[in-house]
Amino acid sequence: MFDPTNLTTSFLEGKRQITDPLADEVVATIIDEGYEKHINEIFIKLARNPSFNPELLSDFPEAIQQAVSDYFDKSGQLPDWADQELISEGEEVFALYGPEVFMLLNVKSLPMCYTCAHGARVLYDTGRLVEHNGKMDPLVRRLMETAQMVINVLQPGGLSGEGSGIITVQKVRLIHASIRHFLQSPKYNPAGWDSSTLGKPINQEDLAGTLMSFSPIILSGLKALNIDLTDRQIAAYTHCWKVVGHLIGLDEDLLADTYEDNWQLAVKILQHQASASTEGKKLTESCLAFIRHMMPGNLLDEVPEYMMWYFFQDVEKATELQLSEMIGIENHHRLSDFLLLKLSRIITGKISEAEHSNIIKKLTGRFNKYMLQGYINHYNDGKKVRFFIPPSLTKNWNLDQFTND
């Protein structure tokens with residue numbers, strides 16, 4: 001059970017040596033059966049199917065089929081404390097504010113993860129596990145896949161029964177296990193992995209930090225956009241991500257019930273892990289390049305970096321750390337005057353003198369639209385990336401003119 005008084009340095013350090021035994025055992029079985037070189041093949045089969053069917057692995061030994069089937073049975077069970085009414089209300093929050101959530105995912109949540117140097121190194125080193133032959137930047141592909149996971153989890157019914165969110169999280173959990181194996185294998189990573197310094201790859205603290213980037217960090221971003229959620233809406237959205245935390249294999253003592261406790265956990269993890277790193281800066285550069293690619297022309301090139309700086313402010317205040325500087329984002333107080341001149345060309349209506357909140361208010365509507373259009377229409381070698389927004393959400397977000405096909 002979560003206890004905020006446990007959030008000491010020694011507690012968090014201990015969590016860096018704990019991973020996910022249930023998923024790790026599946027990878028171990030595959031290796032024991034002599035199929036280590038076929039892990040990618042197995043996960044490609046899983047990733048390309050929206051659900052899990054044991055027949056997908058009929059070409060592999062019985063032990064592998066059994067291990068994977070048992071894993072999907074065990075890991076797909078919702079916890080006893082899961083509240084379907086709260087989950088449904090959390091999904092409604094996403095239906096209302098999904099465009100804002102997507103924007104914040106790119107300019108706040110993921111860049112915040114990049115401030116944690118050890119975790120950023122894992123992200124940077126592994127790229128895309130299950131498919132290497134595409135020409136898309138593997139870091140950009142991660143952004144697309146993360147966005148799809150959020151859609152699958154928070155769409156109506158995503159966390160009920162055999163919802164697409166549950167299956168998606170189960171597959172992500174297995175991919176995490178294979179990343180851990182390859183990073184710690186001398187055969188595939190001759191440079192080695194120093195677990196005593198870095199912690200084990202994708203450990204419990206790193207998983208918790210990532211979960212916090214989707215929960216309280218997003219909620220704090222919505223607040224910065226002057227979206228006034230009720231206490232019930234905040235509790236519902238928080239509950240959805242607590243359920244995801246359970247499904248992704250987080251220990252119970254890292255699963256908090258309230259926004260306040262989750263915010264405290266996020267702050268403690270950042271204070272423990274945040275530091276400047278080359279990997280964190282490169283990940284941020286890739287994220288910025290992807291956003292700019294989706295913006296028309298070059299008029300808004302400075303906007304993504306400015307928005308990252310702006311949405312980091314509340315977390316920087318809470319942690320007393322210069323988080324944006326750690327990932328190469330400069331202080332943008334001076335940039336506001338420059339942006340005002342540019343924005344005057346594309347936005348009607350007066351913007352109050354150099355007030356960052358007013359600039360952000362004017363930017364977000366158009367910015368959100370570009371982001372969602374970009375996710376839907378982004379191509380890889382002339383072929384659309386598999387990114388699907390359910391029709392109900394497409395309608396809610398006024399994206400009916402775009403196609404998911």
# chains A, B, ... in the order shown; residues from 1 in each chain; ligands from 1
$ closest_atom_pairs --of "range 4-54 of chain A" --to "range 72-75 of chain A" --cutoff "9 Å" --atoms "only C-alpha atoms" --output "Markdown table"
| residue | atom | partner | partner_atom | distance |
| --- | --- | --- | --- | --- |
| A:Leu22 | CA | A:Ser75 | CA | 8.1 |
| A:Ala23 | CA | A:Ser75 | CA | 8.7 |
| A:Phe52 | CA | A:Phe72 | CA | 7.7 |
$ select_by_dssp --residues "range 217-265 of chain A" --states "helix (DSSP H, G or I)" --output "ChimeraX atom specification"
/A:217-224,231-247,252-254,259-265
$ closest_residue --among "A:Ile42, A:Leu323, A:Ala117, A:Val107" --to "Ser178 in chain A" --atoms "only C-alpha atoms"
A:Ile42
$ residues_around --residues "range 189-204 of chain A" --least-positions-apart "3" --cutoff "9 Å" --atoms "only C-alpha atoms" --output "tab-separated table (two decimals) with N, CA and C atoms, in the first residue's frame"
chain	number	residue	atom	x	y	z
A	12	LEU	N	13.56	4.70	-2.81
A	12	LEU	CA	13.60	4.84	-4.27
A	12	LEU	C	14.81	4.13	-4.87
A	13	GLU	N	15.93	4.17	-4.18
A	13	GLU	CA	17.11	3.44	-4.65
A	13	GLU	C	16.83	1.94	-4.71
A	14	GLY	N	16.14	1.44	-3.71
A	14	GLY	CA	15.79	0.02	-3.69
A	14	GLY	C	14.90	-0.35	-4.85
A	15	LYS	N	13.99	0.55	-5.23
A	15	LYS	CA	13.09	0.28	-6.35
A	15	LYS	C	13.83	0.22	-7.69
A	16	ARG	N	15.01	0.78	-7.74
A	16	ARG	CA	15.78	0.76	-8.98
A	16	ARG	C	16.39	-0.62	-9.25
A	17	GLN	N	16.37	-1.49	-8.27
A	17	GLN	CA	16.90	-2.85	-8.45
A	17	GLN	C	15.79	-3.88	-8.62
A	18	ILE	N	14.53	-3.41	-8.70
A	18	ILE	CA	13.38	-4.31	-8.86
A	18	ILE	C	12.76	-4.04	-10.22
A	19	THR	N	12.44	-5.13	-10.94
A	19	THR	CA	11.85	-4.95	-12.27
A	19	THR	C	10.43	-5.54	-12.30
A	20	ASP	N	10.23	-6.61	-13.06
A	20	ASP	CA	8.89	-7.17	-13.26
A	20	ASP	C	9.03	-8.67	-13.46
A	118	HIS	N	19.14	8.46	-16.21
A	118	HIS	CA	19.29	7.00	-16.33
A	118	HIS	C	18.17	6.41	-17.18
A	119	GLY	N	16.94	6.86	-16.96
A	119	GLY	CA	15.83	6.39	-17.76
A	119	GLY	C	15.94	6.85	-19.21
A	122	VAL	N	18.07	4.53	-21.29
A	122	VAL	CA	17.38	3.33	-21.76
A	122	VAL	C	16.57	3.65	-23.01
A	176	HIS	N	9.06	-4.31	-22.51
A	176	HIS	CA	9.96	-3.85	-21.44
A	176	HIS	C	10.88	-4.98	-20.98
A	177	ALA	N	10.31	-6.16	-20.83
A	177	ALA	CA	11.09	-7.30	-20.34
A	177	ALA	C	12.19	-7.67	-21.33
A	179	ILE	N	13.59	-5.63	-23.53
A	179	ILE	CA	14.60	-4.56	-23.49
A	179	ILE	C	15.55	-4.79	-22.32
A	180	ARG	N	14.99	-5.15	-21.17
A	180	ARG	CA	15.86	-5.41	-20.01
A	180	ARG	C	16.84	-6.54	-20.31
A	181	HIS	N	16.35	-7.59	-20.95
A	181	HIS	CA	17.23	-8.72	-21.25
A	181	HIS	C	18.37	-8.31	-22.17
A	182	PHE	N	18.06	-7.63	-23.27
A	182	PHE	CA	19.08	-7.31	-24.25
A	182	PHE	C	20.08	-6.28	-23.72
A	183	LEU	N	19.62	-5.33	-22.93
A	183	LEU	CA	20.55	-4.34	-22.39
A	183	LEU	C	21.52	-4.97	-21.39
A	184	GLN	N	21.08	-6.01	-20.71
A	184	GLN	CA	21.94	-6.64	-19.69
A	184	GLN	C	22.69	-7.85	-20.24
A	185	SER	N	22.51	-8.17	-21.52
A	185	SER	CA	23.17	-9.32	-22.13
A	185	SER	C	24.51	-8.92	-22.75
A	186	PRO	N	25.63	-9.49	-22.30
A	186	PRO	CA	26.93	-9.17	-22.90
A	186	PRO	C	26.98	-9.47	-24.40
A	207	LEU	N	9.44	3.09	-14.01
A	207	LEU	CA	8.05	2.85	-14.40
A	207	LEU	C	7.10	3.81	-13.68
A	208	ALA	N	7.34	4.01	-12.39
A	208	ALA	CA	6.49	4.92	-11.62
A	208	ALA	C	6.61	6.35	-12.12
A	209	GLY	N	7.84	6.76	-12.44
A	209	GLY	CA	8.04	8.11	-12.96
A	209	GLY	C	7.30	8.32	-14.27
A	249	GLY	N	2.62	-3.60	-14.10
A	249	GLY	CA	3.50	-4.34	-13.19
A	249	GLY	C	4.12	-3.54	-12.07
A	250	LEU	N	3.54	-2.38	-11.74
A	250	LEU	CA	4.08	-1.57	-10.64
A	250	LEU	C	3.75	-2.20	-9.29
A	251	ASP	N	4.70	-2.11	-8.36
A	251	ASP	CA	4.45	-2.57	-7.00
A	251	ASP	C	3.34	-1.75	-6.36
A	254	LEU	N	3.78	1.72	-4.85
A	254	LEU	CA	4.00	2.86	-5.74
A	254	LEU	C	2.71	3.30	-6.42
$ atom_distance --atom1 "CA of Ile217 in chain A" --atom2 "CA of Glu162 in chain A"
27.6 Å
$ closest_residue --among "A:Gln155, A:Gln233, A:Ser215, A:Gln273" --to "Thr394 in chain A" --atoms "only C-alpha atoms"
A:Gln155
$ atom_distance --atom1 "CA of Val243 in chain A" --atom2 "CA of Leu255 in chain A"
8.7 Å
$ residues_around --residues "Ile218 in chain A" --least-positions-apart "6" --cutoff "10 Å" --atoms "only C-alpha atoms" --output "list in words"
Glu100, Val101, Phe102, Met103, Leu104, Leu105, Lys108, Ser109, Met212, Ala224, Tyr237 and Phe311 of chain A
$ atom_distance --atom1 "CA of Ala236 in chain A" --atom2 "CA of Gly90 in chain A"
4.4 Å
$ closest_residue --among "A:Gln77, A:Tyr114, A:Val27, A:Lys45" --to "Ile64 in chain A" --atoms "only C-alpha atoms"
A:Val27
$ closest_residue --among "A:Pro391, A:Met112, A:Thr168, A:Ala276" --to "Leu211 in chain A" --atoms "only C-alpha atoms"
A:Met112
